[in-house]
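Novice: Input structure: model_23.txt, which contains compact mmCIF, C-alpha atoms.
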```txt
# COMPACT_ATOMS: atom_id res chain seq x y z
CA MET X 1 -33.29 25.67 -16.60
CA GLN X 2 -32.19 25.63 -12.99
CA ARG X 3 -33.47 22.09 -12.71
CA THR X 4 -31.53 21.11 -15.77
CA GLY X 5 -28.41 22.47 -14.16
CA LEU X 6 -29.05 20.44 -11.04
CA LEU X 7 -29.56 17.28 -13.03
CA LEU X 8 -26.39 17.97 -14.94
CA ALA X 9 -24.52 18.43 -11.66
CA ALA X 10 -25.88 15.11 -10.40
CA CYS X 11 -24.79 13.52 -13.61
CA VAL X 12 -21.25 14.88 -13.33
CA ALA X 13 -21.08 13.85 -9.68
CA GLY X 14 -22.13 10.36 -10.70
CA PHE X 15 -19.26 10.03 -13.11
CA ALA X 16 -16.83 11.54 -10.63
CA LEU X 17 -17.84 8.91 -8.07
CA MET X 18 -17.40 6.15 -10.56
CA GLY X 19 -13.78 6.98 -11.34
CA PRO X 20 -12.21 6.65 -7.89
CA ALA X 21 -14.36 3.59 -7.11
CA LEU X 22 -12.51 1.64 -9.78
CA ALA X 23 -9.03 3.04 -9.15
CA ASP X 24 -9.17 2.69 -5.38
CA ASN X 25 -6.28 0.25 -4.91
CA LYS X 26 -5.58 -0.79 -1.32
CA PRO X 27 -2.09 -0.14 0.04
CA MET X 28 0.67 -2.72 0.37
CA PRO X 29 4.02 -2.32 2.16
CA ASP X 30 6.83 -1.44 -0.27
CA ASN X 31 8.77 -4.56 0.73
CA ALA X 32 5.92 -6.97 0.08
CA ARG X 33 6.65 -9.49 -2.68
CA GLU X 34 4.78 -12.19 -4.49
CA TYR X 35 6.62 -15.04 -6.19
CA ILE X 36 6.22 -18.55 -7.52
CA ILE X 37 8.02 -20.98 -5.22
CA TRP X 38 7.48 -23.90 -7.58
CA PRO X 39 7.70 -24.65 -10.49
CA ALA X 40 10.88 -22.92 -11.58
CA ASP X 41 11.16 -20.91 -14.78
CA GLY X 42 11.86 -23.30 -17.65
CA GLN X 43 10.71 -26.36 -15.68
CA VAL X 44 9.75 -29.36 -17.82
CA ILE X 45 6.70 -31.10 -16.36
CA SER X 46 5.83 -34.38 -18.01
CA GLY X 47 2.14 -35.13 -17.85
CA GLY X 48 1.33 -31.47 -17.24
CA LYS X 49 -0.14 -32.06 -13.77
CA PHE X 50 1.49 -30.30 -10.86
CA TRP X 51 0.98 -28.37 -7.66
CA ILE X 52 1.94 -24.73 -7.90
CA ARG X 53 3.25 -23.24 -4.66
CA MET X 54 2.56 -19.57 -4.20
CA GLY X 55 4.94 -17.44 -2.16
CA LEU X 56 4.29 -14.16 -0.39
CA SER X 57 6.70 -12.02 1.65
CA ASN X 58 5.83 -9.27 4.10
CA ALA X 59 2.08 -9.49 3.66
CA GLY X 60 -0.70 -11.87 4.63
CA ILE X 61 -3.32 -14.08 3.03
CA ALA X 62 -7.01 -13.50 3.55
CA PRO X 63 -9.88 -15.16 1.73
CA ALA X 64 -11.91 -13.18 -0.79
CA GLY X 65 -14.41 -10.92 0.94
CA ILE X 66 -12.30 -10.58 4.11
CA GLU X 67 -11.08 -7.02 4.43
CA LYS X 68 -7.88 -6.59 6.44
CA GLN X 69 -4.97 -4.26 5.81
CA TYR X 70 -1.95 -5.73 4.01
CA THR X 71 -3.72 -8.93 3.08
CA GLY X 72 -5.17 -10.37 -0.08
CA HIS X 73 -5.33 -13.59 -2.04
CA HIS X 74 -3.48 -15.16 -4.92
CA HIS X 75 -4.59 -15.23 -8.56
CA LEU X 76 -2.81 -17.32 -11.15
CA ILE X 77 -2.57 -15.97 -14.65
CA ILE X 78 -2.05 -18.67 -17.25
CA ASP X 79 -0.95 -18.06 -20.84
CA THR X 80 -1.92 -14.42 -20.87
CA ASP X 81 -0.66 -10.98 -19.87
CA LEU X 82 -1.40 -9.05 -16.70
CA PRO X 83 -4.91 -7.61 -16.71
CA PRO X 84 -5.48 -3.89 -15.97
CA LEU X 85 -4.15 -3.28 -12.45
CA ASP X 86 -6.88 -0.85 -11.39
CA ASP X 87 -9.77 -3.16 -12.01
CA VAL X 88 -11.25 -6.44 -10.83
CA ILE X 89 -9.15 -9.41 -11.97
CA PRO X 90 -11.15 -11.43 -14.51
CA ASN X 91 -12.37 -14.85 -13.44
CA ASP X 92 -11.92 -17.39 -16.23
CA LYS X 93 -9.68 -20.27 -17.24
CA ASN X 94 -6.75 -17.91 -17.79
CA HIS X 95 -7.23 -16.11 -14.46
CA LEU X 96 -7.69 -18.53 -11.57
CA HIS X 97 -8.85 -17.08 -8.26
CA PHE X 98 -7.79 -18.63 -4.96
CA GLY X 99 -10.43 -16.97 -2.88
CA LEU X 100 -10.33 -19.47 -0.03
CA GLY X 101 -6.82 -18.23 0.75
CA GLN X 102 -5.05 -21.19 -0.84
CA THR X 103 -1.27 -21.09 -1.11
CA GLU X 104 -0.98 -24.18 -3.32
CA ALA X 105 -3.11 -25.41 -6.17
CA ARG X 106 -3.29 -28.41 -8.46
CA ILE X 107 -2.93 -27.39 -12.09
CA GLU X 108 -3.31 -29.44 -15.25
CA LEU X 109 -2.04 -28.11 -18.55
CA PRO X 110 -1.94 -29.69 -22.02
CA PRO X 111 1.34 -30.33 -23.87
CA GLY X 112 3.12 -27.20 -25.01
CA ARG X 113 4.73 -24.10 -23.54
CA HIS X 114 2.76 -22.23 -20.93
CA THR X 115 3.30 -19.04 -18.98
CA LEU X 116 2.41 -18.67 -15.32
CA GLN X 117 2.27 -15.47 -13.33
CA LEU X 118 0.82 -14.67 -9.92
CA LEU X 119 -1.11 -11.49 -9.21
CA PHE X 120 -2.23 -10.60 -5.72
CA GLY X 121 -5.69 -9.13 -5.27
CA ASP X 122 -7.58 -7.60 -2.36
CA ASP X 123 -10.84 -8.79 -0.79
CA GLY X 124 -12.66 -7.56 -3.90
CA HIS X 125 -10.13 -9.04 -6.37
CA VAL X 126 -8.52 -5.70 -7.23
CA PRO X 127 -4.68 -5.49 -7.24
CA HIS X 128 -2.99 -3.42 -4.53
CA LYS X 129 -0.90 -0.29 -4.70
CA PRO X 130 1.89 -1.00 -5.38
CA PRO X 131 0.61 -4.08 -7.20
CA LEU X 132 2.12 -7.41 -6.19
CA TYR X 133 2.84 -9.80 -9.01
CA SER X 134 5.45 -12.45 -9.62
CA ALA X 135 7.83 -12.85 -12.52
CA LYS X 136 6.13 -14.45 -15.49
CA ILE X 137 7.62 -17.90 -15.88
CA THR X 138 7.44 -20.44 -18.67
CA ILE X 139 6.96 -24.14 -18.18
CA ILE X 140 7.12 -26.86 -20.79
CA VAL X 141 4.77 -29.82 -20.93
CA PRO X 142 6.26 -32.39 -23.34
CA PRO X 143 3.99 -34.11 -25.88
CA SER X 144 2.38 -37.15 -24.30
CA THR X 145 4.02 -40.35 -25.48
CA GLY X 146 1.40 -42.71 -24.17
CA SER X 147 3.54 -43.54 -21.17
CA ALA X 148 2.16 -40.70 -19.09
CA GLN X 149 2.45 -41.26 -15.35
CA MET Z 1 -38.99 19.49 -22.64
CA ASN Z 2 -36.80 17.49 -24.97
CA LYS Z 3 -33.69 18.88 -23.44
CA ARG Z 4 -34.92 17.99 -19.97
CA HIS Z 5 -35.58 14.43 -21.04
CA LEU Z 6 -32.12 14.19 -22.47
CA VAL Z 7 -30.54 15.43 -19.26
CA ALA Z 8 -32.63 13.09 -17.17
CA PHE Z 9 -31.55 10.25 -19.40
CA ALA Z 10 -27.90 11.24 -18.99
CA ALA Z 11 -28.34 11.32 -15.22
CA MET Z 12 -29.87 7.87 -15.31
CA LEU Z 13 -26.97 6.63 -17.36
CA ALA Z 14 -24.53 8.03 -14.86
CA VAL Z 15 -26.32 6.40 -11.96
CA SER Z 16 -26.51 3.06 -13.73
CA GLY Z 17 -22.82 3.43 -14.52
CA VAL Z 18 -22.09 3.68 -10.81
CA LEU Z 19 -24.37 0.74 -10.15
CA THR Z 20 -22.71 -1.50 -12.69
CA ALA Z 21 -19.31 -0.52 -11.41
CA THR Z 22 -20.25 -1.67 -7.93
CA ASN Z 23 -21.96 -4.75 -9.32
CA VAL Z 24 -18.82 -5.81 -11.07
CA ARG Z 25 -16.91 -5.69 -7.81
CA ALA Z 26 -19.61 -7.53 -5.90
CA GLN Z 27 -19.86 -10.17 -8.59
CA GLY Z 28 -16.14 -10.60 -8.56
CA SER Z 29 -16.15 -11.56 -4.92
CA SER Z 30 -19.13 -13.87 -5.11
CA ASN Z 31 -17.57 -15.60 -8.09
CA ALA Z 32 -14.56 -16.53 -6.00
CA LYS Z 33 -13.73 -20.11 -6.76
CA PRO Z 34 -14.05 -22.20 -3.63
CA ASP Z 35 -11.77 -24.68 -5.43
CA ALA Z 36 -10.78 -27.99 -3.93
CA ALA Z 37 -10.93 -27.72 -0.18
CA THR Z 38 -14.67 -27.58 0.26
CA ALA Z 39 -15.05 -30.81 2.18
CA LYS Z 40 -18.11 -31.05 4.37
CA PRO Z 41 -17.60 -30.30 8.00
CA GLU Z 42 -18.10 -33.60 9.76
CA ALA Z 43 -18.32 -34.42 13.43
CA GLU Z 44 -19.07 -30.79 14.10
CA ALA Z 45 -21.13 -31.55 17.16
CA ALA Z 46 -18.55 -33.89 18.65
CA SER Z 47 -16.08 -31.13 19.30
CA LYS Z 48 -15.98 -27.40 19.61
CA ARG Z 49 -12.91 -27.42 17.46
CA THR Z 50 -13.31 -26.21 13.91
CA PRO Z 51 -13.40 -29.11 11.46
CA ALA Z 52 -10.63 -29.35 8.90
CA PRO Z 53 -10.90 -31.01 5.49
CA HIS Z 54 -9.77 -34.64 5.82
CA ASP Z 55 -7.16 -34.22 3.07
CA ALA Z 56 -5.64 -31.00 4.40
CA TYR Z 57 -2.12 -30.91 5.72
CA VAL Z 58 0.59 -28.45 6.63
CA TYR Z 59 4.31 -28.84 6.28
CA ILE Z 60 7.50 -26.83 6.57
CA GLY Z 61 8.61 -26.07 3.01
CA TRP Z 62 11.97 -24.73 4.16
CA PRO Z 63 14.27 -25.57 5.93
CA ASN Z 64 14.47 -29.33 5.46
CA ASP Z 65 14.61 -31.76 8.36
CA GLY Z 66 18.22 -32.11 9.45
CA GLU Z 67 19.32 -29.04 7.52
CA VAL Z 68 22.55 -27.39 8.57
CA VAL Z 69 21.72 -23.70 8.40
CA ARG Z 70 24.68 -21.36 8.01
CA THR Z 71 23.01 -18.27 9.33
CA THR Z 72 21.22 -17.32 12.51
CA HIS Z 73 18.62 -15.40 10.50
CA ILE Z 74 16.54 -18.18 9.04
CA LYS Z 75 13.78 -18.08 6.49
CA VAL Z 76 10.95 -20.49 7.17
CA TRP Z 77 8.19 -21.03 4.69
CA PHE Z 78 4.91 -22.60 5.57
CA GLY Z 79 3.17 -25.07 3.32
CA ALA Z 80 -0.56 -25.74 3.47
CA ARG Z 81 -2.43 -27.99 1.12
CA ASN Z 82 -6.19 -28.36 0.68
CA ILE Z 83 -6.88 -25.63 3.21
CA GLY Z 84 -6.88 -21.84 2.92
CA VAL Z 85 -5.13 -19.21 4.99
CA ALA Z 86 -7.11 -16.50 6.75
CA PRO Z 87 -6.09 -13.88 9.32
CA ALA Z 88 -6.79 -14.46 13.01
CA GLY Z 89 -10.35 -13.54 13.87
CA THR Z 90 -11.72 -14.77 10.55
CA ASP Z 91 -14.55 -17.25 10.86
CA LYS Z 92 -14.55 -19.05 7.54
CA PRO Z 93 -14.76 -22.81 7.02
CA ASN Z 94 -11.66 -24.62 5.78
CA THR Z 95 -9.25 -21.83 6.65
CA GLY Z 96 -6.81 -21.13 9.45
CA HIS Z 97 -3.52 -19.45 10.19
CA HIS Z 98 -0.05 -20.71 10.91
CA HIS Z 99 1.76 -20.97 14.24
CA LEU Z 100 5.41 -21.88 14.46
CA LEU Z 101 6.52 -23.87 17.49
CA ILE Z 102 10.20 -23.49 18.29
CA ASP Z 103 11.98 -25.91 20.64
CA VAL Z 104 8.76 -27.02 22.33
CA PRO Z 105 6.38 -29.98 22.15
CA LEU Z 106 2.83 -29.55 20.84
CA PRO Z 107 0.58 -27.57 23.19
CA PRO Z 108 -2.85 -28.97 24.18
CA LEU Z 109 -4.93 -29.18 21.01
CA ASP Z 110 -8.26 -28.16 22.50
CA GLU Z 111 -7.33 -24.69 23.67
CA PRO Z 112 -5.80 -21.56 22.18
CA ILE Z 113 -2.15 -21.89 21.24
CA PRO Z 114 0.06 -19.95 23.68
CA ASN Z 115 1.57 -16.75 22.39
CA ASP Z 116 5.23 -16.45 23.38
CA LYS Z 117 8.70 -16.73 21.91
CA ASN Z 118 8.31 -20.50 21.50
CA HIS Z 119 4.87 -20.22 19.90
CA LEU Z 120 4.86 -17.63 17.14
CA HIS Z 121 1.49 -16.56 15.76
CA PHE Z 122 1.06 -15.48 12.16
CA GLY Z 123 -2.28 -13.85 12.56
CA LEU Z 124 -2.00 -11.60 9.51
CA GLY Z 125 -2.14 -14.74 7.39
CA GLN Z 126 1.58 -14.84 6.63
CA THR Z 127 2.93 -17.85 4.77
CA GLU Z 128 6.61 -17.35 5.50
CA THR Z 129 8.82 -15.62 8.05
CA PHE Z 130 12.36 -15.00 9.20
CA ILE Z 131 13.38 -16.18 12.67
CA ASP Z 132 16.57 -15.56 14.59
CA LEU Z 133 17.98 -18.57 16.41
CA PRO Z 134 21.24 -18.92 18.33
CA PRO Z 135 23.75 -21.50 17.08
CA GLY Z 136 22.85 -25.03 18.09
CA THR Z 137 20.21 -27.64 17.42
CA HIS Z 138 16.60 -26.51 17.30
CA THR Z 139 13.23 -28.01 16.53
CA LEU Z 140 10.54 -26.41 14.41
CA GLN Z 141 6.94 -27.49 13.98
CA LEU Z 142 3.94 -25.82 12.38
CA LEU Z 143 0.51 -25.98 13.92
CA MET Z 144 -2.44 -24.45 12.14
CA ALA Z 145 -5.36 -23.07 14.09
CA ASP Z 146 -8.71 -21.44 13.50
CA GLY Z 147 -9.68 -17.79 13.86
CA ASP Z 148 -9.55 -18.17 17.66
CA HIS Z 149 -6.11 -19.86 17.65
CA ILE Z 150 -7.57 -23.28 18.54
CA PRO Z 151 -6.26 -26.18 16.43
CA HIS Z 152 -8.67 -27.81 13.99
CA ASP Z 153 -10.20 -31.24 14.27
CA PRO Z 154 -8.26 -33.14 13.07
CA ALA Z 155 -5.34 -30.95 14.12
CA LEU Z 156 -3.17 -29.78 11.26
CA MET Z 157 0.46 -29.94 12.24
CA SER Z 158 3.67 -30.46 10.34
CA LYS Z 159 6.34 -32.96 11.11
CA LYS Z 160 8.58 -31.67 13.89
CA ILE Z 161 11.90 -31.04 12.20
CA THR Z 162 15.37 -30.54 13.62
CA ILE Z 163 17.80 -28.00 12.24
CA HIS Z 164 21.40 -27.29 13.11
CA VAL Z 165 22.22 -23.64 13.20
CA VAL Z 166 25.87 -22.90 12.55
CA GLY Z 167 26.41 -19.44 13.86
CA GLY Z 168 28.76 -16.58 13.65
CA GLU Z 169 28.44 -16.01 9.95
CA LYS Z 170 26.71 -13.14 8.33
CA PRO Z 171 23.49 -13.98 6.56
CA PRO Z 172 24.30 -14.76 2.94
CA LYS Z 173 23.14 -12.19 0.45
CA VAL Z 174 20.45 -14.19 -1.22
CA ALA Z 175 17.72 -12.56 -3.18
CA SER Z 176 14.37 -13.46 -1.66
CA GLN Z 177 13.62 -15.36 -4.86
```
Take the structure in the file and give it back as structure tokens.
Specialist:
Amino acid sequence: MQRTGLLLAACVAGFALMGPALADNKPMPDNAREYIIWPADGQVISGGKFWIRMGLSNAGIAPAGIEKQYTGHHHLIIDTDLPPLDDVIPNDKNHLHFGLGQTEARIELPPGRHTLQLLFGDDGHVPHKPPLYSAKITIIVPPSTGSAQ
Amino acid sequence: MNKRHLVAFAAMLAVSGVLTATNVRAQGSSNAKPDAATAKPEAEAASKRTPAPHDAYVYIGWPNDGEVVRTTHIKVWFGARNIGVAPAGTDKPNTGHHHLLIDVPLPPLDEPIPNDKNHLHFGLGQTETFIDLPPGTHTLQLLMADGDHIPHDPALMSKKITIHVVGGEKPPKVASQ
């Protein structure tokens, strides 16, 4: 019975450890900001190919895996909502990671309306506290008319 | 006996829960997309300077060349394409950090960039800044450098731009976008 109790305690401790591990957001200065420099909200982009320019104020860029206070790297969220802010940012075609520390990226989107939003993540791709994310903007790619550039 | 098994099983579950949680984080970082700028380092032996991707370049996104700036507190944003930004001290291929040269020519490209009021280092990996300049004509130029502040090979520098600072006015109240 005593052993059982010990095992139970270990079990509880295990779960207790798991919680903070996921919610352990790294700090960011209160005046840090992330924003999309270009394109502008409502921008019409014929052809759908463009360079997005990612802006960051009062913080620094570091590649994924590099741990340094008040740094992180950009993630671009396309056509979807913000993911949970206490967990690793997904890595798929709607969540692009710029783990080399890029501040610009070439994007290609099909005709239609698309939303773009930046979310800053730490060395392990987890958002900071407070989380840094840009306004969610909409861009419009007109239907291709055959005379695409 | 049964009960003990159950508890042991629960403990195992808990432990594996912790393991998967850490795995997810580790996976996340190894999945990091290297993206475009993964050009091979060439001519590595020829120089001690860190190679830069051949298509990388840096530029001053703001202000424009010839801009008349109506404040002495000036925002400068740094553009970098096909290369990543990393804090000083980081040894990672195809990355570097920005240095802003104010009213000076380029320093020697094979040694660390000086660190003074004419050579500002952005070793946290910043991609923009505010500088204070007295009224008059000034030049600005960006020079990227590796983790040890030595320019890459080829050196990544912006065009040297000239701005005209018109002083005396209070900085306009512009939201930082």
Novice: Pick from X:Tyr133, X:Phe98, X:Phe50, X:Trp38: nearest to chain Z, with only C-alpha atoms counted?
Specialist: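 The shortest atom-to-atom distance to chain Z comes from X:Phe98.
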Novice: Please determine, counting all atoms listed in the file, which residue among X:Gly47, X:Gly55, X:Gly42, X:Pro27 has the shortest atom-to-atom distance to chain Z.
Specialist: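 Under the stated criterion, the closest residue is X:Gly55.
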Novice: Could you check the closest approach to chain Z for each of X:Arg33, X:His128, X:Lys49, X:Arg113 and tell me which residue wins, using only C-alpha atoms?
Specialist: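 For chain Z, the nearest of the given residues is X:Arg33.
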Novice: Take atom CA of His95 of chain X and atom CA of Gln117 of chain X and report the distance between them in Å, one decimal.
Specialist: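 Between atom CA of His95 of chain X and atom CA of Gln117 of chain X the gap is 9.6 Å.
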Novice: With distances taken over all atoms listed in the file, which of X:Pro110, X:Pro90, X:Pro39, X:Pro84 is nearest to chain Z?
Specialist: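 Between X:Pro110, X:Pro90, X:Pro39, X:Pro84, the residue approaching chain Z most closely is X:Pro90.
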Novice: Of the candidates Z:Thr162, Z:Thr127, Z:Thr137, Z:Asn115, which shows the shortest atom-to-atom distance to chain X, using only C-alpha atoms?
Specialist: Z:Thr127
Novice: Measuring between all atoms listed in the file, which one of X:Asp92, X:Ala32, X:Leu100, X:Asp122 shows the shortest distance to chain Z?
Specialist: X:Leu100
Novice: Skip Gln102 of chain X itself and residues of its chain fewer than 5 positions away, then list as number ranges by chain all residues within 8 Å of it, counting all atoms listed in the file.
Specialist: X: 73-74; Z: 80-85
Novice: With all atoms listed in the file as the counted atoms, please give the residues lying no more than 12 Å from segment 102-114 of chain Z, apart from itself and same-chain residues fewer than 6 positions off, as a ChimeraX atom specification.
Specialist: /Z:47-50,76,88,120-123,131-134,136-163
Novice: For atom CA of Lys92 of chain Z and atom CA of Lys75 of chain Z, determine how far apart the two atoms are, in Å to one decimal place.
Specialist: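 Result for atom CA of Lys92 of chain Z versus atom CA of Lys75 of chain Z: 28.4 Å, one decimal.
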Novice: Please identify all polymer residues within 7 Å of Pro135 of chain Z, counting only C-alpha atoms, omitting same-chain residues fewer than 2 positions from it, and present them as JSON, numbers by chain.
Specialist: {"Z": [72, 133, 165, 166, 167]}
Novice: May I have the residues at most 10 Å from (-2.8, -28.8, -15.4) in the file's coordinates, counting all atoms listed in the file, as a list in words?
Specialist: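 Those within range, by chain then number, are Ile45, Gly47, Gly48, Lys49, Phe50, Trp51, Ile52, Ala105, Arg106, Ile107, Glu108, Leu109, Pro110, Pro111 and Val141 of chain X.
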Novice: Find the distance between atom CA of Pro29 of chain X and atom CA of Pro130 of chain X and write it in Å to one decimal.
Specialist: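 Computing the Euclidean distance for atom CA of Pro29 of chain X and atom CA of Pro130 of chain X yields 7.9 Å.
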Novice: So that I can see what lies close to Thr115 of chain X, please list as a list in words the residues with an atom at most 7 Å from it, counting all atoms listed in the file and leaving out residues fewer than 3 positions away in the same chain.
Specialist: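 Listed by chain and then number, they are Ile78, Asp79, Lys136, Ile137, Thr138 and Ile139 of chain X.
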Novice: Neighbours of Tyr70 of chain X within 7 Å (all atoms listed in the file; same-chain residues fewer than 6 positions away dropped), as a list in words?
Specialist: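 Within the cut-off, the hits are Pro27, Met28, Ala59 and Gly60 of chain X.
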Novice: Could you add N, CA and C atoms to segment 93-113 of chain X and give me the result as a tab-separated table (two decimals), in the coordinates of the input?
Specialist:
```tsv
chain	number	residue	atom	x	y	z
X	93	LYS	N	-10.67	-19.19	-17.27
X	93	LYS	CA	-9.68	-20.27	-17.24
X	93	LYS	C	-8.25	-19.75	-17.37
X	94	ASN	N	-8.08	-18.49	-17.75
X	94	ASN	CA	-6.75	-17.91	-17.79
X	94	ASN	C	-6.42	-17.09	-16.54
X	95	HIS	N	-7.42	-16.89	-15.69
X	95	HIS	CA	-7.23	-16.11	-14.46
X	95	HIS	C	-7.89	-16.90	-13.34
X	96	LEU	N	-7.11	-17.70	-12.63
X	96	LEU	CA	-7.69	-18.53	-11.57
X	96	LEU	C	-7.64	-17.77	-10.24
X	97	HIS	N	-8.75	-17.77	-9.55
X	97	HIS	CA	-8.85	-17.08	-8.26
X	97	HIS	C	-8.68	-18.10	-7.13
X	98	PHE	N	-7.92	-17.76	-6.13
X	98	PHE	CA	-7.79	-18.63	-4.96
X	98	PHE	C	-8.38	-17.93	-3.75
X	99	GLY	N	-9.69	-17.79	-3.82
X	99	GLY	CA	-10.43	-16.97	-2.88
X	99	GLY	C	-10.65	-17.59	-1.52
X	100	LEU	N	-10.26	-18.86	-1.36
X	100	LEU	CA	-10.33	-19.47	-0.03
X	100	LEU	C	-9.07	-19.12	0.76
X	101	GLY	N	-8.09	-18.53	0.08
X	101	GLY	CA	-6.82	-18.23	0.75
X	101	GLY	C	-5.80	-19.34	0.53
X	102	GLN	N	-5.99	-20.10	-0.55
X	102	GLN	CA	-5.05	-21.19	-0.84
X	102	GLN	C	-3.65	-20.64	-1.15
X	103	THR	N	-2.65	-21.45	-0.79
X	103	THR	CA	-1.27	-21.09	-1.11
X	103	THR	C	-0.64	-22.15	-2.01
X	104	GLU	N	-1.41	-23.18	-2.35
X	104	GLU	CA	-0.98	-24.18	-3.32
X	104	GLU	C	-2.20	-24.56	-4.13
X	105	ALA	N	-1.97	-24.98	-5.36
X	105	ALA	CA	-3.11	-25.41	-6.17
X	105	ALA	C	-2.66	-26.44	-7.19
X	106	ARG	N	-3.54	-27.38	-7.46
X	106	ARG	CA	-3.29	-28.41	-8.46
X	106	ARG	C	-3.66	-27.84	-9.82
X	107	ILE	N	-2.73	-27.93	-10.75
X	107	ILE	CA	-2.93	-27.39	-12.09
X	107	ILE	C	-2.71	-28.50	-13.11
X	108	GLU	N	-3.51	-28.48	-14.15
X	108	GLU	CA	-3.31	-29.44	-15.25
X	108	GLU	C	-3.26	-28.66	-16.55
X	109	LEU	N	-2.18	-28.84	-17.30
X	109	LEU	CA	-2.04	-28.11	-18.55
X	109	LEU	C	-1.70	-29.08	-19.69
X	110	PRO	N	-2.22	-28.81	-20.88
X	110	PRO	CA	-1.94	-29.69	-22.02
X	110	PRO	C	-0.50	-29.52	-22.51
X	111	PRO	N	-0.02	-30.44	-23.33
X	111	PRO	CA	1.34	-30.33	-23.87
X	111	PRO	C	1.57	-29.00	-24.55
X	112	GLY	N	2.77	-28.48	-24.39
X	112	GLY	CA	3.12	-27.20	-25.01
X	112	GLY	C	3.85	-26.32	-24.02
X	113	ARG	N	4.10	-25.07	-24.43
X	113	ARG	CA	4.73	-24.10	-23.54
X	113	ARG	C	3.63	-23.26	-22.89
```
